[in-house]
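Chemist: One file is attached below, protein.txt, containing compact mmCIF, C-alpha atoms and all ligand atoms.
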# COMPACT_ATOMS: atom_id res chain seq x y z
CA MET J 23 16.99 59.39 24.23
CA PHE J 24 18.26 59.80 20.71
CA ILE J 25 16.70 62.19 18.22
CA ALA J 26 17.43 60.86 14.72
CA VAL J 27 14.56 62.36 12.74
CA GLY J 28 14.99 63.91 9.30
CA THR J 29 16.30 67.45 8.77
CA PRO J 30 15.58 68.05 5.07
CA SER J 31 16.11 71.34 3.28
CA ARG J 32 13.32 73.77 4.02
CA ARG J 33 11.39 74.56 0.87
CA GLY J 34 12.32 77.90 -0.59
CA ASP J 35 15.37 78.99 1.38
CA GLY J 36 17.69 76.00 1.92
CA HIS J 37 17.77 76.31 5.72
CA ALA J 38 17.45 72.98 7.54
CA ASP J 39 13.80 72.19 8.25
CA LEU J 40 13.71 71.58 12.00
CA THR J 41 10.01 70.81 12.32
CA TYR J 42 10.64 67.14 13.11
CA VAL J 43 13.40 67.87 15.61
CA HIS J 44 11.20 70.36 17.45
CA ALA J 45 8.29 67.90 17.50
CA ALA J 46 10.53 65.14 18.84
CA ALA J 47 11.91 67.47 21.54
CA ARG J 48 8.35 68.29 22.66
CA GLU J 49 7.41 64.60 22.82
CA ILE J 50 10.57 63.77 24.75
CA ALA J 51 9.95 66.59 27.23
CA ARG J 52 6.65 65.04 28.23
CA ALA J 53 8.29 61.65 28.82
CA ILE J 54 11.25 62.77 30.93
CA GLY J 55 11.26 61.52 34.51
CA LYS J 56 14.66 61.09 36.12
CA PHE J 57 17.91 62.60 34.76
CA THR J 58 17.89 62.00 31.02
CA VAL J 59 20.46 62.58 28.32
CA VAL J 60 18.78 63.83 25.16
CA VAL J 61 21.06 63.16 22.20
CA THR J 62 20.71 64.98 18.90
CA LYS J 63 21.98 62.57 16.28
CA SER J 64 20.10 64.28 13.46
CA THR J 65 22.32 66.69 11.54
CA VAL J 66 21.24 70.06 12.91
CA PRO J 67 22.67 73.55 12.43
CA VAL J 68 24.88 75.00 15.09
CA GLY J 69 22.83 76.28 18.04
CA ILE J 70 19.93 73.85 17.66
CA GLY J 71 21.03 71.97 20.76
CA ASP J 72 20.28 75.18 22.67
CA GLU J 73 16.85 75.27 21.08
CA VAL J 74 16.10 71.64 21.93
CA GLU J 75 17.10 72.45 25.51
CA ARG J 76 14.81 75.50 25.55
CA ILE J 77 11.84 73.53 24.15
CA ILE J 78 12.22 70.76 26.71
CA ARG J 79 12.55 73.26 29.55
CA GLU J 80 9.46 75.13 28.34
CA GLU J 81 7.38 71.95 28.05
CA ASN J 82 8.58 70.39 31.27
CA PRO J 83 10.18 72.95 33.65
CA ASP J 84 10.94 70.28 36.27
CA ALA J 85 12.75 67.94 33.94
CA GLU J 86 16.34 67.09 34.78
CA PHE J 87 18.22 66.54 31.55
CA ALA J 88 21.20 67.41 29.39
CA VAL J 89 21.17 67.88 25.61
CA VAL J 90 24.14 66.39 23.78
CA SER J 91 25.14 66.73 20.12
CA ASN J 92 26.35 63.41 18.76
CA PRO J 93 26.50 63.73 14.98
CA GLU J 94 26.33 60.63 12.83
CA PHE J 95 28.94 60.06 10.13
CA LEU J 96 27.79 56.70 8.74
CA ARG J 97 27.32 56.17 5.01
CA GLU J 98 23.93 55.17 3.69
CA GLY J 99 24.22 51.69 2.19
CA ALA J 100 26.87 50.71 4.75
CA ALA J 101 25.11 52.03 7.84
CA ILE J 102 25.47 49.11 10.23
CA ARG J 103 29.11 48.46 9.41
CA ASP J 104 29.94 52.13 9.71
CA PHE J 105 28.05 52.48 12.96
CA LYS J 106 29.98 49.60 14.47
CA HIS J 107 33.34 50.75 13.12
CA PRO J 108 33.27 54.53 13.08
CA ASP J 109 36.42 56.53 12.36
CA ARG J 110 35.53 58.66 15.38
CA ILE J 111 32.70 59.39 17.78
CA VAL J 112 32.02 63.04 18.50
CA ILE J 113 30.22 63.88 21.73
CA GLY J 114 29.31 67.52 22.16
CA SER J 115 28.48 68.45 25.72
CA THR J 116 30.22 70.13 28.62
CA ASP J 117 27.89 68.43 31.14
CA MET J 118 30.03 65.87 32.98
CA ARG J 119 27.10 63.58 33.80
CA ALA J 120 26.07 63.52 30.13
CA ARG J 121 29.64 62.83 29.02
CA GLN J 122 29.81 59.89 31.39
CA VAL J 123 26.52 58.42 30.11
CA MET J 124 27.63 58.85 26.50
CA GLY J 125 30.99 57.29 27.27
CA GLU J 126 29.13 54.24 28.66
CA VAL J 127 26.83 54.07 25.63
CA TYR J 128 29.79 54.04 23.25
CA ARG J 129 32.12 51.91 25.39
CA PRO J 130 31.73 48.80 23.16
CA LEU J 131 32.65 50.80 20.07
CA HIS J 132 35.47 52.55 21.90
CA LEU J 133 36.89 49.11 22.72
CA ASN J 134 36.98 48.53 18.93
CA ALA J 135 39.45 51.42 18.95
CA ALA J 136 37.10 54.18 17.75
CA PRO J 137 38.39 57.41 19.27
CA ILE J 138 35.87 59.46 21.21
CA LEU J 139 36.20 63.19 20.82
CA TYR J 140 34.58 65.25 23.57
CA THR J 141 33.76 68.81 22.53
CA ASP J 142 31.26 71.48 23.42
CA ARG J 143 27.85 71.18 21.78
CA ARG J 144 28.25 73.84 19.09
CA THR J 145 31.60 72.45 18.02
CA ALA J 146 30.08 68.99 17.58
CA GLU J 147 27.18 70.42 15.57
CA LEU J 148 29.50 72.34 13.26
CA THR J 149 31.91 69.40 12.93
CA LYS J 150 29.26 67.41 11.09
CA TYR J 151 28.58 70.15 8.54
CA ALA J 152 32.28 70.83 8.10
CA ALA J 153 32.89 67.11 7.42
CA ASN J 154 30.13 66.77 4.82
CA SER J 155 30.99 70.05 3.12
CA PHE J 156 34.65 69.06 2.92
CA LEU J 157 33.77 65.74 1.31
CA ALA J 158 31.41 67.49 -1.12
CA MET J 159 34.26 69.85 -1.94
CA LYS J 160 36.53 66.89 -2.78
CA VAL J 161 33.90 65.55 -5.19
CA ALA J 162 33.39 68.93 -6.86
CA PHE J 163 37.15 69.40 -7.09
CA ILE J 164 37.84 66.11 -8.82
CA ASN J 165 34.91 66.71 -11.17
CA GLU J 166 36.46 69.99 -12.31
CA ILE J 167 39.82 68.25 -12.72
CA ALA J 168 37.95 65.65 -14.80
CA ASP J 169 36.63 68.35 -17.14
CA LEU J 170 40.10 69.78 -17.52
CA SER J 171 41.56 66.30 -18.09
CA GLU J 172 39.19 65.78 -21.01
CA LYS J 173 40.31 69.05 -22.54
CA VAL J 174 44.06 68.54 -22.14
CA GLY J 175 44.33 64.80 -22.71
CA ALA J 176 44.89 63.55 -19.16
CA ASN J 177 43.32 60.75 -17.13
CA VAL J 178 41.41 61.82 -14.00
CA GLN J 179 41.42 58.34 -12.47
CA GLU J 180 45.21 58.26 -12.53
CA ILE J 181 45.32 61.82 -11.18
CA ALA J 182 42.97 60.82 -8.34
CA ARG J 183 45.30 57.99 -7.47
CA GLY J 184 48.32 60.19 -7.87
CA ILE J 185 47.02 62.73 -5.40
CA GLY J 186 45.05 60.32 -3.20
CA LEU J 187 48.10 58.31 -2.22
CA ASP J 188 49.26 61.44 -0.45
CA ASN J 189 48.00 60.84 3.11
CA ARG J 190 47.28 64.52 3.52
CA ILE J 191 44.70 64.23 0.73
CA GLY J 192 43.45 60.63 0.98
CA GLN J 193 41.95 58.45 -1.75
CA LYS J 194 38.28 58.61 -0.82
CA PHE J 195 35.73 60.87 -2.50
CA LEU J 196 37.94 61.43 -5.52
CA HIS J 197 35.78 59.61 -8.07
CA ALA J 198 34.78 61.84 -10.94
CA GLY J 199 31.14 61.47 -11.90
CA PRO J 200 27.85 63.24 -12.53
CA GLY J 201 28.04 65.40 -9.39
CA PHE J 202 27.02 64.64 -5.83
CA GLY J 203 23.43 64.14 -4.73
CA GLY J 204 21.68 62.15 -2.07
CA SER J 205 20.08 62.66 1.28
CA CYS J 206 22.93 64.56 2.95
CA PHE J 207 25.46 66.51 0.86
CA PRO J 208 22.99 68.77 -0.99
CA LYS J 209 21.00 69.72 2.09
CA ASP J 210 23.99 69.97 4.44
CA THR J 211 26.10 72.15 2.14
CA LEU J 212 23.11 74.46 1.65
CA ALA J 213 22.37 74.63 5.37
CA LEU J 214 26.01 75.42 6.17
CA ILE J 215 26.00 78.21 3.58
CA LYS J 216 22.90 79.67 5.26
CA THR J 217 24.53 79.45 8.70
CA GLY J 218 27.60 81.21 7.32
CA GLN J 219 25.53 83.98 5.77
CA ASP J 220 23.42 84.46 8.90
CA ASN J 221 26.58 84.79 10.98
CA GLU J 222 28.36 87.12 8.56
CA ALA J 223 31.04 84.52 7.91
CA PRO J 224 30.18 83.50 4.34
CA LEU J 225 31.60 80.18 3.19
CA ARG J 226 32.57 81.12 -0.35
CA ILE J 227 34.25 77.81 -1.10
CA VAL J 228 31.14 75.83 -0.15
CA GLU J 229 28.94 78.27 -2.10
CA THR J 230 31.07 77.59 -5.18
CA VAL J 231 30.97 73.84 -4.58
CA VAL J 232 27.17 73.94 -4.65
CA ALA J 233 27.07 76.12 -7.78
CA VAL J 234 29.60 73.95 -9.61
CA ASN J 235 27.74 70.80 -8.64
CA ASP J 236 24.35 72.18 -9.74
CA GLN J 237 25.64 73.11 -13.16
CA ARG J 238 27.20 69.72 -13.63
CA LYS J 239 23.93 67.79 -13.86
CA ARG J 240 22.82 69.48 -17.06
CA ALA J 241 26.36 69.37 -18.40
CA MET J 242 26.13 65.58 -18.12
CA ALA J 243 23.02 65.65 -20.31
CA ARG J 244 25.00 67.60 -22.91
CA LYS J 245 27.64 64.88 -22.74
CA VAL J 246 24.97 62.40 -23.83
CA ALA J 247 23.70 64.75 -26.53
CA ASN J 248 27.22 65.21 -27.93
CA ALA J 249 27.10 61.62 -29.14
CA PHE J 250 24.34 62.71 -31.50
CA GLY J 251 25.66 66.06 -32.62
CA GLY J 252 23.83 67.80 -29.78
CA ASN J 253 20.35 66.69 -30.89
CA LEU J 254 18.41 64.07 -28.94
CA ARG J 255 15.04 64.48 -30.64
CA GLY J 256 13.71 61.04 -31.55
CA LYS J 257 16.50 59.29 -29.67
CA THR J 258 15.88 56.73 -26.94
CA ILE J 259 18.27 56.87 -24.00
CA ALA J 260 18.59 53.97 -21.55
CA ILE J 261 19.45 55.01 -18.01
CA LEU J 262 21.12 52.36 -15.86
CA GLY J 263 20.89 53.26 -12.18
CA VAL J 264 18.76 56.04 -10.76
CA THR J 265 19.41 55.92 -7.00
CA PHE J 266 21.89 58.47 -5.71
CA LYS J 267 24.39 55.70 -5.05
CA PRO J 268 24.47 51.89 -5.06
CA ASN J 269 23.15 49.73 -2.22
CA THR J 270 20.23 52.01 -1.36
CA ASP J 271 16.84 52.73 -2.91
CA ASP J 272 17.18 56.38 -1.88
CA MET J 273 16.30 58.85 -4.63
CA ARG J 274 16.59 62.04 -2.57
CA ASP J 275 18.37 64.63 -4.72
CA ALA J 276 19.72 61.87 -6.96
CA PRO J 277 21.77 63.19 -9.92
CA SER J 278 19.56 61.06 -12.17
CA ILE J 279 16.62 63.44 -11.59
CA PRO J 280 18.02 66.65 -13.17
CA LEU J 281 19.87 64.56 -15.74
CA ILE J 282 16.71 62.83 -16.95
CA THR J 283 14.76 66.09 -16.95
CA ALA J 284 17.48 67.70 -19.07
CA LEU J 285 17.50 64.75 -21.50
CA GLN J 286 13.72 64.96 -21.80
CA ASP J 287 13.99 68.72 -22.40
CA MET J 288 16.30 67.90 -25.30
CA GLY J 289 13.63 65.63 -26.77
CA ALA J 290 14.90 62.19 -25.70
CA ASP J 291 12.68 59.23 -24.81
CA ILE J 292 13.89 57.69 -21.56
CA ARG J 293 14.03 54.07 -20.45
CA ILE J 294 15.05 53.32 -16.85
CA TYR J 295 16.37 50.37 -14.92
CA ASP J 296 17.68 50.24 -11.36
CA PRO J 297 18.27 46.98 -9.42
CA VAL J 298 16.64 48.29 -6.20
CA GLY J 299 15.26 51.76 -6.81
CA MET J 300 12.36 51.07 -9.20
CA ASP J 301 9.59 51.61 -6.64
CA GLN J 302 11.05 54.93 -5.59
CA ALA J 303 11.76 55.87 -9.21
CA LYS J 304 8.09 55.37 -10.09
CA LYS J 305 7.20 58.08 -7.57
CA VAL J 306 9.69 60.51 -9.11
CA PHE J 307 9.72 60.15 -12.89
CA GLU J 308 6.98 60.77 -15.41
CA ASN J 309 6.85 59.94 -19.10
CA VAL J 310 9.60 57.35 -18.89
CA THR J 311 9.55 53.60 -19.59
CA PHE J 312 10.33 51.48 -16.53
CA CYS J 313 12.17 48.29 -17.45
CA ASP J 314 12.64 44.87 -15.84
CA SER J 315 16.35 44.41 -16.40
CA ALA J 316 19.43 46.15 -17.74
CA TYR J 317 19.14 44.29 -21.04
CA ASP J 318 15.43 45.06 -21.32
CA CYS J 319 16.34 48.72 -20.72
CA VAL J 320 19.00 49.02 -23.42
CA ARG J 321 16.98 47.11 -26.03
CA GLY J 322 16.30 49.40 -28.99
CA SER J 323 18.04 52.39 -27.31
CA HIS J 324 20.37 54.76 -29.12
CA ALA J 325 22.62 55.20 -26.08
CA VAL J 326 22.99 53.77 -22.61
CA THR J 327 24.01 56.07 -19.76
CA ILE J 328 25.47 54.64 -16.56
CA VAL J 329 24.31 56.92 -13.75
CA THR J 330 24.68 54.72 -10.64
CA GLU J 331 27.61 52.33 -10.35
CA TRP J 332 25.71 49.21 -9.28
CA GLU J 333 28.02 46.18 -9.17
CA GLN J 334 25.85 44.18 -11.60
CA PHE J 335 26.33 46.76 -14.37
CA ARG J 336 30.08 46.20 -14.26
CA ALA J 337 29.49 42.57 -15.23
CA SER J 338 27.23 43.33 -18.21
CA ASP J 339 27.74 41.29 -21.35
CA LEU J 340 28.78 44.15 -23.61
CA LYS J 341 28.58 42.10 -26.80
CA GLU J 342 25.00 41.15 -26.00
CA MET J 343 24.16 44.77 -25.17
CA ALA J 344 25.63 46.07 -28.42
CA SER J 345 23.64 43.52 -30.41
CA ILE J 346 20.25 44.59 -29.04
CA MET J 347 20.72 48.38 -29.10
CA ALA J 348 19.62 50.57 -31.98
CA CYS J 349 22.97 52.30 -31.82
CA PRO J 350 25.83 51.12 -29.59
CA VAL J 351 26.79 54.18 -27.55
CA ILE J 352 27.78 54.11 -23.86
CA VAL J 353 28.02 57.28 -21.80
CA ASP J 354 29.65 56.02 -18.64
CA LEU J 355 29.20 58.72 -16.00
CA ARG J 356 30.86 56.54 -13.33
CA ASN J 357 33.82 55.20 -15.33
CA ILE J 358 32.83 51.61 -14.55
CA TYR J 359 34.09 50.24 -17.88
CA ALA J 360 37.58 50.06 -19.33
CA PRO J 361 37.43 52.11 -22.56
CA GLU J 362 39.45 49.58 -24.56
CA GLU J 363 37.07 46.77 -23.68
CA VAL J 364 33.97 48.76 -24.56
CA LEU J 365 35.43 49.92 -27.84
CA ARG J 366 36.49 46.33 -28.64
CA ASN J 367 32.86 45.30 -28.30
CA GLY J 368 31.82 47.75 -30.98
CA PHE J 369 30.59 50.63 -28.83
CA LEU J 370 31.17 54.31 -29.12
CA TYR J 371 32.19 55.34 -25.63
CA SER J 372 32.43 58.39 -23.44
CA GLY J 373 33.62 58.27 -19.85
CA VAL J 374 34.35 61.09 -17.40
CA GLY J 375 37.73 62.79 -17.33
CA ARG J 376 39.53 60.30 -19.49
CA ALA J 377 40.37 62.01 -22.76
CA GLN J 378 41.33 58.80 -24.49
CA SER J 379 37.93 57.34 -23.68
CA VAL J 380 35.96 59.94 -25.61
CA ALA J 381 35.54 58.09 -28.84
CA TYR J 382 32.61 59.41 -30.83
N1 LIG J 401 20.91 59.00 5.70
C1 LIG J 401 22.17 59.03 6.08
O1 LIG J 401 23.03 58.35 5.53
C2 LIG J 401 22.61 59.93 7.22
C3 LIG J 401 23.95 59.90 7.65
C4 LIG J 401 24.33 60.72 8.70
C5 LIG J 401 23.41 61.57 9.27
N2 LIG J 401 22.12 61.59 8.83
C6 LIG J 401 21.18 62.49 9.47
O2 LIG J 401 20.26 61.73 10.23
C7 LIG J 401 18.97 62.34 10.19
C8 LIG J 401 17.96 61.35 9.67
O3 LIG J 401 18.30 61.03 8.32
P1 LIG J 401 17.56 59.88 7.52
O4 LIG J 401 18.23 59.81 6.19
O5 LIG J 401 17.49 58.66 8.38
O6 LIG J 401 16.11 60.54 7.38
P2 LIG J 401 14.73 59.80 7.10
O7 LIG J 401 13.81 60.89 6.69
O8 LIG J 401 14.97 58.64 6.19
O9 LIG J 401 14.30 59.19 8.50
C9 LIG J 401 13.80 59.96 9.54
C10 LIG J 401 12.74 59.12 10.28
O10 LIG J 401 12.29 59.85 11.42
C11 LIG J 401 10.92 59.56 11.62
N3 LIG J 401 10.31 60.59 12.48
C12 LIG J 401 10.02 61.88 12.19
N4 LIG J 401 9.48 62.50 13.25
C13 LIG J 401 9.44 61.59 14.26
C14 LIG J 401 9.01 61.63 15.62
N5 LIG J 401 8.52 62.75 16.18
N6 LIG J 401 9.11 60.51 16.36
C15 LIG J 401 9.62 59.39 15.83
N7 LIG J 401 10.06 59.29 14.56
C16 LIG J 401 9.97 60.36 13.79
C17 LIG J 401 10.39 59.55 10.19
O11 LIG J 401 9.17 58.86 10.13
C18 LIG J 401 11.50 58.82 9.45
O12 LIG J 401 11.30 57.44 9.43
C19 LIG J 401 19.12 63.59 9.32
O13 LIG J 401 19.34 64.70 10.14
C20 LIG J 401 20.35 63.28 8.49
O14 LIG J 401 21.00 64.45 8.07
C21 LIG J 401 21.70 60.77 7.83
Taking this structure as input, can you express it in the form of structure tokens?

Modeler:
Amino acid sequence: MFIAVGTPSRRGDGHADLTYVHAAAREIARAIGKFTVVVTKSTVPVGIGDEVERIIREENPDAEFAVVSNPEFLREGAAIRDFKHPDRIVIGSTDMRARQVMGEVYRPLHLNAAPILYTDRRTAELTKYAANSFLAMKVAFINEIADLSEKVGANVQEIARGIGLDNRIGQKFLHAGPGFGGSCFPKDTLALIKTGQDNEAPLRIVETVVAVNDQRKRAMARKVANAFGGNLRGKTIAILGVTFKPNTDDMRDAPSIPLITALQDMGADIRIYDPVGMDQAKKVFENVTFCDSAYDCVRGSHAVTIVTEWEQFRASDLKEMASIMACPVIVDLRNIYAPEEVLRNGFLYSGVGRAQSVAY
């Protein structure tokens, strides 16, 4: 039996909220007959496998079972592909019967050459948080390099390539942008920080990653405001893309949320378009205009801000966009456009971490 319920941040303190995991464990306990492997696939803090085991034993003292940690590393938006072709499968259990069952479950994927890593349960639990926090750290790192690049006249995309081709570093998660968000990184970094503090092994690097990332969202709003001398009162800003990344409608902790709030605080009127996320966006945003297309969104706007790098935005007709805007300004928080091309089409342009692309 796999537990794959949500483990959001608990309101107020940032610990993982384990209500759903506990409830699932109780339900499972009642259903256990013969030897059963209970697999925690939800991302849970280290030691929660022990707690799931305790709950099941309490609810059903006769149950014969083993609790395994089997963290999931798939990416939202590419979930099925990633599930079928994982980089690795981590199975955390020292129970030999459970290991054998899990080996059978994953045999088809193992035949696709996915390595299976057998560990103890706590190691598997911590591996997941270490992986997500490391990736979040890469994002925060390249974002700070992007800021420095703007100041000193360098190009962060070329730096990312220059360092990413080093196999020890790797090319992934080195795209400068508005800061990470989404359903996993924010909650998992916070939960790991809490685990570190509780165990008197503070994770200062991860704490800094979270702080740097939090500050970045409002800094991105200032980037938009800079196009207008820092004053957005009476200006209409078109936001293209509000989901936390393309190919999902997920708005959980999306960077667009603090960005839009900050723009509104500065007095801007906001228009929004997202190819898939409009229904979710309507639950999140107030006092904004929801639009039917990218062109509808930019019409009459003083600036357009690219927040999510949906493929269709890359193919926008820039000439057409410039002709229907009140003022042709693009703030490209995902670097989806080539600065020369945008400038050629009559826009003022600001990207991220590319000094030559800041052309106000
Ligand atoms: N979203 C991702 O890309 C991703 C990637 C890797 C790991 N994870 C982890 O997987 C877990 C789930 O994430 P998610 O994004 O799918 O969350 P989610 O909130 O989208 O989905 C959780 C689902 O569990 C259901 N649920 C809750 N209690 C239940 C119960 N007692 N019985 C049956 N169903 C129940 C909910 O209705 C919901 O549909 C989290 O721990 C997350 O950290 C998510």

Chemist: Between J:Asp272, J:Glu75, J:Glu172, J:Asp35, which has the minimum distance to ligand LIG 401 (chain J) (counting only C-alpha atoms and all ligand atoms)?

Modeler: J:Asp272

Chemist: Residues near Ala45 of chain J, anyone? I mean within 10 Å using only C-alpha atoms, not counting same-chain ones fewer than 5 positions away, as a list in words.

Modeler: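 Counting only C-alpha atoms, the residues come to Val27, Leu40, Ile50, Ala51, Val74 and Ile77 of chain J.
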
Chemist: Can I get the selected residues back with C-alpha atoms, as a PDB file, keeping the file's coordinate frame?

Modeler:
ATOM      1  CA  VAL J  27      14.560  62.360  12.740  1.00  0.00           C
ATOM      2  CA  LEU J  40      13.710  71.580  12.000  1.00  0.00           C
ATOM      3  CA  ILE J  50      10.570  63.770  24.750  1.00  0.00           C
ATOM      4  CA  ALA J  51       9.950  66.590  27.230  1.00  0.00           C
ATOM      5  CA  VAL J  74      16.100  71.640  21.930  1.00  0.00           C
ATOM      6  CA  ILE J  77      11.840  73.530  24.150  1.00  0.00           C
TER       7      ILE J  77
END

Chemist: Set the distance at 9 Å and use all atoms listed in the file: which residues neighbour segment 117-121 of chain J once local chain neighbours fewer than 5 positions away are removed? I'd like the list as JSON, numbers by chain.

Modeler: {"J": [58, 59, 60, 87, 88, 89, 90, 126, 140, 142]}

Chemist: Restricting it to C-alpha atoms, dump the selection as a PDB file, in the frame of the given file.

Modeler:
ATOM      1  CA  THR J  58      17.890  62.000  31.020  1.00  0.00           C
ATOM      2  CA  VAL J  59      20.460  62.580  28.320  1.00  0.00           C
ATOM      3  CA  VAL J  60      18.780  63.830  25.160  1.00  0.00           C
ATOM      4  CA  PHE J  87      18.220  66.540  31.550  1.00  0.00           C
ATOM      5  CA  ALA J  88      21.200  67.410  29.390  1.00  0.00           C
ATOM      6  CA  VAL J  89      21.170  67.880  25.610  1.00  0.00           C
ATOM      7  CA  VAL J  90      24.140  66.390  23.780  1.00  0.00           C
ATOM      8  CA  GLU J 126      29.130  54.240  28.660  1.00  0.00           C
ATOM      9  CA  TYR J 140      34.580  65.250  23.570  1.00  0.00           C
ATOM     10  CA  ASP J 142      31.260  71.480  23.420  1.00  0.00           C
TER      11      ASP J 142
END

Chemist: Which residues are near segment 342-347 of chain J? Cut-off 8 Å, all atoms listed in the file, ignore same chain within fewer than 2 positions. Put them as number ranges by chain.

Modeler: J: 317, 320-325, 338-340, 349-350, 367-369

Chemist: Counting all atoms listed in the file, give me one row per residue of chain J with an atom at most 6 Å from an atom of ligand LIG 401 (chain J), showing the shortest contact pair and its distance in Å to one decimal, sorted by chain then residue number, as a tab-separated table.

Modeler:
residue	atom	partner	partner_atom	distance
J:Ala26	CA	J:LIG401	C7	5.0
J:Val27	CA	J:LIG401	O10	3.6
J:Gly28	CA	J:LIG401	C8	3.9
J:Thr29	CA	J:LIG401	O13	4.3
J:Tyr42	CA	J:LIG401	N4	4.8
J:Ala45	CA	J:LIG401	N5	5.3
J:Ala46	CA	J:LIG401	N5	4.1
J:Ser64	CA	J:LIG401	O13	3.4
J:Thr65	CA	J:LIG401	O13	3.8
J:Glu94	CA	J:LIG401	C4	4.6
J:Phe95	CA	J:LIG401	C4	4.9
J:Leu96	CA	J:LIG401	C3	5.1
J:Arg97	CA	J:LIG401	O1	4.8
J:Glu98	CA	J:LIG401	O1	3.8
J:Ser205	CA	J:LIG401	N1	5.8
J:Cys206	CA	J:LIG401	O14	5.5

Chemist: For a quick check of understanding, using all atoms listed in the file, which of J:Pro83, J:Gly186, J:Gly256, J:Pro200 has the smallest distance to Gly55 of chain J?

Modeler: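 Closest candidate: J:Pro83.
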
Chemist: So, counting all atoms listed in the file, which residue among J:Asp287, J:Asp220, J:Asp72, J:Glu166 is closest to Leu196 of chain J?

Modeler: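 The closest residue to Leu196 of chain J is J:Glu166.
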
Chemist: Excluding Thr327 of chain J and any residue of its chain fewer than 5 positions from it, enumerate the residues within 9 Å of it, using only C-alpha atoms, and give them as a list in words.

Modeler: Val246, Ile259, Ala260, Ile261, Leu262, Gly263, Val351, Ile352, Val353, Asp354 and Leu355 of chain J

Chemist: When you draw a straight line from atom CA of Glu362 of chain J to atom CA of Lys341 of chain J, how long is it in Å?

Modeler: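 Between atom CA of Glu362 of chain J and atom CA of Lys341 of chain J the gap works out to 13.4 Å.
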
Chemist: Quick one: everything within 10 Å of Leu225 of chain J, counting all atoms listed in the file, minus sequence neighbours fewer than 4 positions away in the same chain. Send it as an mmCIF file with C-alpha atoms, in the coordinates of the input.

Modeler:
data_model
loop_
_atom_site.group_PDB
_atom_site.id
_atom_site.type_symbol
_atom_site.label_atom_id
_atom_site.label_comp_id
_atom_site.auth_asym_id
_atom_site.auth_seq_id
_atom_site.Cartn_x
_atom_site.Cartn_y
_atom_site.Cartn_z
ATOM 1 C CA THR J 211 26.100 72.150 2.140
ATOM 2 C CA LEU J 214 26.010 75.420 6.170
ATOM 3 C CA ILE J 215 26.000 78.210 3.580
ATOM 4 C CA LYS J 216 22.900 79.670 5.260
ATOM 5 C CA THR J 217 24.530 79.450 8.700
ATOM 6 C CA GLY J 218 27.600 81.210 7.320
ATOM 7 C CA GLN J 219 25.530 83.980 5.770
ATOM 8 C CA GLU J 229 28.940 78.270 -2.100
ATOM 9 C CA THR J 230 31.070 77.590 -5.180
#

Chemist: Rank J:Cys319, J:Asn248, J:Gln122, J:Asn269 by their smallest atom-to-atom distance to Met288 of chain J, using all atoms listed in the file, and report the top residue only.

Modeler: J:Asn248

Chemist: When you count all atoms listed in the file, which of these residues is closest to Asn357 of chain J: J:Leu370, J:Ala38, J:Ala198, J:Ala316?

Modeler: J:Ala198

Chemist: Under the rule that all atoms listed in the file are counted, which of J:Glu81, J:Glu180, J:Glu73, J:Asp318 is the nearest residue to Arg143 of chain J?

Modeler: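 Checking each candidate against Arg143 of chain J, we get J:Glu73 as the closest.
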
Chemist: By how many Å are atom CA of Pro268 of chain J and atom CA of Arg356 of chain J apart?

Modeler: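 Rounded to one decimal, the two atoms are 11.4 Å apart.
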
Chemist: In Å to one decimal, how far is atom CA of Pro280 of chain J from atom CA of Ala249 of chain J?

Modeler: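 If I compute the distance from atom CA of Ala249 of chain J to atom CA of Pro280 of chain J, I get 19.0 Å.
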